[in-house]
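Here's my_file-v9.cif, which has mmCIF, N, CA, C and O atoms:
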data_query
loop_
_atom_site.label_atom_id
_atom_site.label_comp_id
_atom_site.auth_asym_id
_atom_site.auth_seq_id
_atom_site.Cartn_x
_atom_site.Cartn_y
_atom_site.Cartn_z
N MET I 1 87.67 114.89 85.91
CA MET I 1 88.34 113.61 85.82
C MET I 1 87.45 112.53 86.45
O MET I 1 87.01 112.65 87.58
N GLU I 2 87.20 111.48 85.72
CA GLU I 2 86.34 110.40 86.19
C GLU I 2 87.15 109.35 86.94
O GLU I 2 88.23 108.96 86.53
N ASP I 3 86.61 108.92 88.10
CA ASP I 3 87.27 107.86 88.87
C ASP I 3 87.13 106.54 88.14
O ASP I 3 86.05 106.19 87.68
N THR I 4 88.22 105.81 88.06
CA THR I 4 88.19 104.48 87.49
C THR I 4 87.91 103.50 88.61
O THR I 4 88.66 103.45 89.59
N PRO I 5 86.82 102.74 88.51
CA PRO I 5 86.52 101.80 89.60
C PRO I 5 87.56 100.69 89.68
O PRO I 5 88.06 100.22 88.67
N PHE I 6 87.88 100.32 90.91
CA PHE I 6 88.82 99.23 91.13
C PHE I 6 88.10 97.93 90.78
O PHE I 6 86.93 97.75 91.14
N PRO I 7 88.75 97.03 90.06
CA PRO I 7 88.07 95.77 89.71
C PRO I 7 87.77 94.94 90.95
O PRO I 7 88.43 95.06 91.97
N GLN I 8 86.78 94.10 90.83
CA GLN I 8 86.47 93.19 91.93
C GLN I 8 87.62 92.21 92.11
O GLN I 8 88.30 91.85 91.15
N VAL I 9 87.80 91.78 93.34
CA VAL I 9 88.82 90.78 93.66
C VAL I 9 88.09 89.59 94.26
O VAL I 9 87.39 89.71 95.25
N TRP I 10 88.25 88.44 93.61
CA TRP I 10 87.65 87.20 94.10
C TRP I 10 88.75 86.31 94.63
O TRP I 10 89.71 85.99 93.93
N ILE I 11 88.62 85.90 95.88
CA ILE I 11 89.64 85.08 96.53
C ILE I 11 89.02 83.80 97.03
O ILE I 11 87.97 83.81 97.68
N GLN I 12 89.68 82.70 96.73
CA GLN I 12 89.30 81.42 97.29
C GLN I 12 90.49 80.96 98.13
O GLN I 12 91.62 80.92 97.63
N ALA I 13 90.26 80.69 99.41
CA ALA I 13 91.35 80.29 100.31
C ALA I 13 91.05 78.91 100.86
O ALA I 13 89.93 78.62 101.27
N LYS I 14 92.09 78.06 100.85
CA LYS I 14 91.95 76.69 101.35
C LYS I 14 93.07 76.40 102.33
O LYS I 14 94.22 76.71 102.07
N ASN I 15 92.71 75.80 103.46
CA ASN I 15 93.69 75.40 104.45
C ASN I 15 93.90 73.90 104.32
O ASN I 15 93.07 73.12 104.75
N LYS I 16 94.99 73.53 103.67
CA LYS I 16 95.30 72.11 103.41
C LYS I 16 96.74 71.84 103.83
O LYS I 16 97.53 72.75 104.01
N ARG I 17 97.09 70.58 103.91
CA ARG I 17 98.47 70.17 104.22
C ARG I 17 99.03 69.35 103.07
O ARG I 17 98.28 68.68 102.37
N GLY I 18 100.35 69.41 102.94
CA GLY I 18 101.01 68.61 101.90
C GLY I 18 100.66 69.09 100.51
O GLY I 18 100.84 70.23 100.18
N HIS I 19 100.13 68.20 99.71
CA HIS I 19 99.78 68.50 98.32
C HIS I 19 98.25 68.48 98.18
O HIS I 19 97.60 67.54 98.61
N ASP I 20 97.71 69.51 97.57
CA ASP I 20 96.26 69.58 97.36
C ASP I 20 95.93 69.08 95.96
O ASP I 20 96.19 69.76 94.98
N ALA I 21 95.37 67.90 95.87
CA ALA I 21 95.00 67.33 94.58
C ALA I 21 93.78 68.02 93.99
O ALA I 21 93.44 67.80 92.83
N ASN I 22 93.09 68.85 94.79
CA ASN I 22 91.89 69.52 94.32
C ASN I 22 92.11 70.98 93.93
O ASN I 22 91.15 71.72 93.78
N ALA I 23 93.34 71.41 93.80
CA ALA I 23 93.60 72.80 93.40
C ALA I 23 92.94 73.11 92.07
O ALA I 23 92.42 74.21 91.87
N ILE I 24 92.92 72.14 91.17
CA ILE I 24 92.28 72.31 89.86
C ILE I 24 90.80 72.66 90.04
O ILE I 24 90.27 73.52 89.34
N ASP I 25 90.15 72.01 91.00
CA ASP I 25 88.73 72.30 91.25
C ASP I 25 88.54 73.76 91.66
O ASP I 25 87.60 74.41 91.21
N GLY I 26 89.40 74.26 92.52
CA GLY I 26 89.31 75.65 92.94
C GLY I 26 89.52 76.61 91.78
O GLY I 26 88.82 77.62 91.66
N ILE I 27 90.45 76.27 90.91
CA ILE I 27 90.71 77.10 89.73
C ILE I 27 89.49 77.08 88.81
O ILE I 27 89.04 78.13 88.32
N LYS I 28 88.92 75.90 88.61
CA LYS I 28 87.72 75.79 87.77
C LYS I 28 86.55 76.59 88.35
O LYS I 28 85.77 77.18 87.60
N GLN I 29 86.42 76.60 89.66
CA GLN I 29 85.35 77.37 90.29
C GLN I 29 85.52 78.86 90.03
O GLN I 29 84.55 79.56 89.71
N LEU I 30 86.75 79.35 90.13
CA LEU I 30 86.99 80.76 89.85
C LEU I 30 86.75 81.08 88.38
O LEU I 30 86.17 82.13 88.06
N ILE I 31 87.14 80.20 87.49
CA ILE I 31 86.89 80.40 86.05
C ILE I 31 85.39 80.45 85.80
O ILE I 31 84.89 81.33 85.09
N GLY I 32 84.66 79.51 86.38
CA GLY I 32 83.21 79.47 86.20
C GLY I 32 82.52 80.71 86.74
O GLY I 32 81.61 81.25 86.11
N GLN I 33 82.98 81.18 87.88
CA GLN I 33 82.39 82.39 88.46
C GLN I 33 82.61 83.58 87.53
O GLN I 33 81.71 84.38 87.31
N LYS I 34 83.81 83.67 86.98
CA LYS I 34 84.13 84.77 86.06
C LYS I 34 83.27 84.68 84.80
O LYS I 34 82.76 85.69 84.32
N GLU I 35 83.11 83.48 84.27
CA GLU I 35 82.32 83.29 83.04
C GLU I 35 80.84 83.58 83.27
O GLU I 35 80.15 84.04 82.37
N ASN I 36 80.34 83.31 84.47
CA ASN I 36 78.93 83.52 84.77
C ASN I 36 78.59 84.96 85.16
O ASN I 36 77.42 85.32 85.21
N ASP I 37 79.59 85.76 85.47
CA ASP I 37 79.36 87.14 85.87
C ASP I 37 79.96 88.05 84.81
O ASP I 37 81.06 88.57 84.96
N HIS I 38 79.22 88.27 83.74
CA HIS I 38 79.73 89.03 82.59
C HIS I 38 80.04 90.48 82.92
O HIS I 38 80.78 91.13 82.19
N ASP I 39 79.51 91.00 84.03
CA ASP I 39 79.80 92.37 84.43
C ASP I 39 81.18 92.49 85.05
O ASP I 39 81.68 93.59 85.23
N ASN I 40 81.77 91.37 85.43
CA ASN I 40 83.06 91.39 86.12
C ASN I 40 84.11 90.54 85.44
O ASN I 40 84.88 89.85 86.09
N LEU I 41 84.18 90.62 84.12
CA LEU I 41 85.18 89.84 83.39
C LEU I 41 86.60 90.28 83.73
O LEU I 41 87.54 89.53 83.54
N SER I 42 86.74 91.49 84.25
CA SER I 42 88.07 91.98 84.61
C SER I 42 88.40 91.71 86.08
O SER I 42 89.40 92.22 86.60
N ALA I 43 87.58 90.93 86.76
CA ALA I 43 87.82 90.63 88.17
C ALA I 43 89.19 89.96 88.34
O ALA I 43 89.64 89.19 87.50
N ILE I 44 89.83 90.29 89.43
CA ILE I 44 91.11 89.68 89.78
C ILE I 44 90.80 88.42 90.59
O ILE I 44 90.11 88.50 91.61
N CYS I 45 91.28 87.27 90.13
CA CYS I 45 91.01 85.99 90.80
C CYS I 45 92.27 85.47 91.46
O CYS I 45 93.33 85.39 90.82
N ILE I 46 92.14 85.09 92.72
CA ILE I 46 93.28 84.61 93.50
C ILE I 46 92.88 83.32 94.21
O ILE I 46 91.84 83.27 94.86
N LEU I 47 93.73 82.31 94.10
CA LEU I 47 93.54 81.07 94.86
C LEU I 47 94.69 80.97 95.85
O LEU I 47 95.86 80.90 95.46
N ILE I 48 94.35 81.02 97.14
CA ILE I 48 95.34 80.88 98.21
C ILE I 48 95.18 79.47 98.77
O ILE I 48 94.08 79.04 99.08
N ASN I 49 96.29 78.78 98.85
CA ASN I 49 96.29 77.42 99.37
C ASN I 49 97.46 77.28 100.32
O ASN I 49 98.59 77.59 99.96
N THR I 50 97.22 76.83 101.54
CA THR I 50 98.29 76.77 102.53
C THR I 50 99.25 75.61 102.33
O THR I 50 100.15 75.41 103.15
N THR I 51 99.10 74.87 101.24
CA THR I 51 100.05 73.79 100.94
C THR I 51 101.38 74.40 100.50
O THR I 51 101.51 75.60 100.32
N ASP I 52 102.37 73.53 100.29
CA ASP I 52 103.71 73.99 99.92
C ASP I 52 103.80 74.49 98.49
O ASP I 52 104.58 75.39 98.19
N SER I 53 103.03 73.87 97.59
CA SER I 53 103.15 74.25 96.18
C SER I 53 101.93 73.77 95.40
O SER I 53 101.09 73.04 95.92
N PHE I 54 101.87 74.19 94.15
CA PHE I 54 100.84 73.75 93.22
C PHE I 54 101.49 72.88 92.16
O PHE I 54 102.65 73.10 91.80
N ASP I 55 100.76 71.90 91.65
CA ASP I 55 101.34 71.05 90.62
C ASP I 55 101.36 71.78 89.28
O ASP I 55 100.77 72.85 89.12
N LYS I 56 102.08 71.20 88.31
CA LYS I 56 102.26 71.84 87.00
C LYS I 56 100.95 72.10 86.28
O LYS I 56 100.76 73.14 85.66
N GLU I 57 100.02 71.14 86.36
CA GLU I 57 98.74 71.30 85.68
C GLU I 57 97.96 72.49 86.26
O GLU I 57 97.38 73.29 85.52
N ALA I 58 97.95 72.61 87.57
CA ALA I 58 97.26 73.73 88.21
C ALA I 58 97.90 75.05 87.81
O ALA I 58 97.21 76.03 87.51
N LYS I 59 99.23 75.09 87.80
CA LYS I 59 99.94 76.31 87.40
C LYS I 59 99.62 76.70 85.97
O LYS I 59 99.38 77.88 85.68
N ARG I 60 99.59 75.72 85.06
CA ARG I 60 99.28 76.01 83.64
C ARG I 60 97.85 76.53 83.50
O ARG I 60 97.60 77.51 82.80
N MET I 61 96.91 75.85 84.16
CA MET I 61 95.51 76.27 84.06
C MET I 61 95.31 77.67 84.63
O MET I 61 94.61 78.50 84.05
N ALA I 62 95.92 77.94 85.78
CA ALA I 62 95.78 79.26 86.40
C ALA I 62 96.39 80.34 85.51
O ALA I 62 95.78 81.39 85.28
N GLU I 63 97.57 80.07 84.98
CA GLU I 63 98.24 81.05 84.13
C GLU I 63 97.43 81.35 82.87
O GLU I 63 97.28 82.51 82.49
N SER I 64 96.88 80.34 82.24
CA SER I 64 96.13 80.55 81.00
C SER I 64 94.77 81.23 81.25
O SER I 64 94.14 81.71 80.31
N ASN I 65 94.34 81.30 82.52
CA ASN I 65 93.07 81.94 82.85
C ASN I 65 93.25 83.16 83.76
O ASN I 65 92.29 83.63 84.37
N ASN I 66 94.47 83.67 83.83
CA ASN I 66 94.79 84.87 84.62
C ASN I 66 94.35 84.76 86.08
O ASN I 66 93.76 85.68 86.64
N ILE I 67 94.65 83.62 86.68
CA ILE I 67 94.35 83.41 88.09
C ILE I 67 95.68 83.37 88.84
O ILE I 67 96.61 82.67 88.44
N ILE I 68 95.74 84.13 89.91
CA ILE I 68 96.96 84.20 90.72
C ILE I 68 96.93 83.08 91.75
O ILE I 68 95.93 82.91 92.46
N LEU I 69 98.01 82.31 91.82
CA LEU I 69 98.14 81.24 92.81
C LEU I 69 99.10 81.70 93.90
O LEU I 69 100.19 82.21 93.61
N ILE I 70 98.69 81.52 95.15
CA ILE I 70 99.55 81.88 96.28
C ILE I 70 99.62 80.66 97.20
O ILE I 70 98.59 80.20 97.70
N ASN I 71 100.85 80.14 97.40
CA ASN I 71 101.00 78.97 98.28
C ASN I 71 101.19 79.43 99.73
O ASN I 71 101.24 80.63 100.01
N GLY I 72 101.31 78.48 100.63
CA GLY I 72 101.41 78.78 102.05
C GLY I 72 102.58 79.67 102.41
O GLY I 72 102.43 80.62 103.19
N LYS I 73 103.77 79.40 101.87
CA LYS I 73 104.94 80.22 102.18
C LYS I 73 104.77 81.64 101.67
O LYS I 73 105.12 82.60 102.34
N GLN I 74 104.25 81.76 100.45
CA GLN I 74 104.03 83.09 99.89
C GLN I 74 103.00 83.87 100.72
O GLN I 74 103.18 85.06 100.99
N PHE I 75 101.94 83.19 101.13
CA PHE I 75 100.90 83.83 101.92
C PHE I 75 101.46 84.31 103.26
O PHE I 75 101.22 85.45 103.67
N ALA I 76 102.22 83.46 103.93
CA ALA I 76 102.84 83.84 105.20
C ALA I 76 103.76 85.04 104.99
O ALA I 76 103.78 85.97 105.81
N GLY I 77 104.54 85.03 103.90
CA GLY I 77 105.43 86.14 103.61
C GLY I 77 104.68 87.44 103.40
O GLY I 77 105.11 88.51 103.87
N LEU I 78 103.54 87.38 102.71
CA LEU I 78 102.73 88.58 102.49
C LEU I 78 102.18 89.13 103.80
O LEU I 78 102.17 90.35 104.03
N ILE I 79 101.75 88.23 104.68
CA ILE I 79 101.23 88.66 105.97
C ILE I 79 102.34 89.30 106.80
O ILE I 79 102.15 90.35 107.42
N LEU I 80 103.53 88.69 106.80
CA LEU I 80 104.65 89.26 107.56
C LEU I 80 105.08 90.61 106.98
O LEU I 80 105.41 91.53 107.72
N LYS I 81 105.06 90.72 105.67
CA LYS I 81 105.51 91.96 105.03
C LYS I 81 104.49 93.09 105.19
O LYS I 81 104.86 94.22 105.50
N TYR I 82 103.22 92.78 104.99
CA TYR I 82 102.20 93.83 104.97
C TYR I 82 101.31 93.85 106.21
O TYR I 82 100.58 94.81 106.43
N GLY I 83 101.33 92.78 107.00
CA GLY I 83 100.52 92.71 108.20
C GLY I 83 99.05 92.50 107.89
O GLY I 83 98.64 92.34 106.75
N ILE I 84 98.28 92.48 108.94
CA ILE I 84 96.84 92.37 108.82
C ILE I 84 96.26 93.54 109.59
O ILE I 84 96.49 93.68 110.79
N GLU I 85 95.51 94.36 108.89
CA GLU I 85 94.90 95.52 109.55
C GLU I 85 93.72 95.05 110.39
O GLU I 85 92.87 94.30 109.92
N GLU I 86 93.70 95.48 111.60
CA GLU I 86 92.61 95.11 112.50
C GLU I 86 91.32 95.77 112.02
O GLU I 86 91.32 96.93 111.64
N ASP I 87 90.24 95.02 112.03
CA ASP I 87 88.95 95.54 111.60
C ASP I 87 88.34 96.34 112.73
O ASP I 87 87.74 95.80 113.65
N LYS I 88 88.50 97.65 112.67
CA LYS I 88 88.04 98.50 113.76
C LYS I 88 86.52 98.65 113.81
O LYS I 88 85.97 99.18 114.76
N TYR I 89 85.83 98.17 112.79
CA TYR I 89 84.37 98.30 112.76
C TYR I 89 83.67 97.09 113.36
O TYR I 89 82.47 97.11 113.56
N ASN I 90 84.38 96.02 113.64
CA ASN I 90 83.77 94.81 114.20
C ASN I 90 84.24 94.53 115.62
O ASN I 90 84.45 93.40 116.01
N ASP I 91 84.44 95.56 116.41
CA ASP I 91 84.87 95.37 117.80
C ASP I 91 83.69 95.04 118.68
O ASP I 91 82.61 95.36 118.54
#
Take the structure from the file and write it as structure tokens.
Amino acid sequence: MEDTPFPQVWIQAKNKRGHDANAIDGIKQLIGQKENDHDNLSAICILINTTDSFDKEAKRMAESNNIILINGKQFAGLILKYGIEEDKYND
């Protein structure tokens, strides 16, 4: 039985307040990275932004390009639910 390699995961994280008018830029950067790396077309792309929400245009663009958007509340919820594993190799 052959092991199926796990796809690469590309994450862009931004610490912003209120509304991020540049979320589209982050989405475009992830799209461009995916288009330029033909070996990783199946990469999972995630944009984390600590703002409250994403605007409709950003949501549409992300959805049509298979990019996952995570806002500040969702990110905090994921950390509370799953925690952060301490990096035992960098002590």
| message | Using DSSP assignments from the backbone, pull out every residue in chain I that falls under helix (DSSP H, G or I) and give it to me as a ChimeraX atom specification. | response | /I:23-36,38-40,56-64,72-82
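For the set I:Ile70, I:Asn65, I:Val9, I:Thr51, the residue with the smallest atom-to-atom gap to I:Ile27 is I:Asn65, counting all atoms listed in the file.
We find atom CA of I:Asn22 and atom CA of I:Gly83 to be spaced 28.4 Å apart.
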| task | Output as a ChimeraX atom specification all residues of chain I that backbone DSSP marks as strand (DSSP E or B). | result | /I:9-14,44-49,67-70
| query | So which residues fall inside 7 Å of (97.5, 82.5, 95.2) if we count only C-alpha atoms? Mind giving them as a list of chain:residue names? | reply |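 Counting only C-alpha atoms, I find these residues within 7 Å of (97.5, 82.5, 95.2): I:Ile46, I:Leu47, I:Ile48, I:Asn49, I:Ile68, I:Leu69, I:Ile70, I:Asn71.
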| Between atom CA of I:Gln29 and atom N of I:Ile11, distance in Å (one decimal) |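 Between these atoms lies a distance of 10.7 Å.
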| Do you know which residues are at most 7 Å from I:Leu30 counting only N, CA, C and O atoms, after dropping those on the same chain fewer than 6 positions away, and could you put them as a count of residues only? | 3
Please report, as JSON, the centre and edge lengths in Å to one decimal of an axis-aligned box covering all listed atoms of stretch 50-55 of chain I with 5 Å per side.
{"center_x": 100.9, "center_y": 73.9, "center_z": 96.1, "size_x": 17.4, "size_y": 15.8, "size_z": 24.0}
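Proximity ranking of I:Gln8, I:Phe75, I:Ile67, I:Lys59 relative to I:Asp37 places I:Gln8 first, based on only C-alpha atoms.
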| field | Which residue of I:Lys14, I:Thr50, I:Arg60, I:Asp55 approaches I:Lys73 most closely, using all atoms listed in the file | value | I:Thr50
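Across the model, the gap from atom O of I:Phe6 to atom O of I:Met61 is 21.9 Å.
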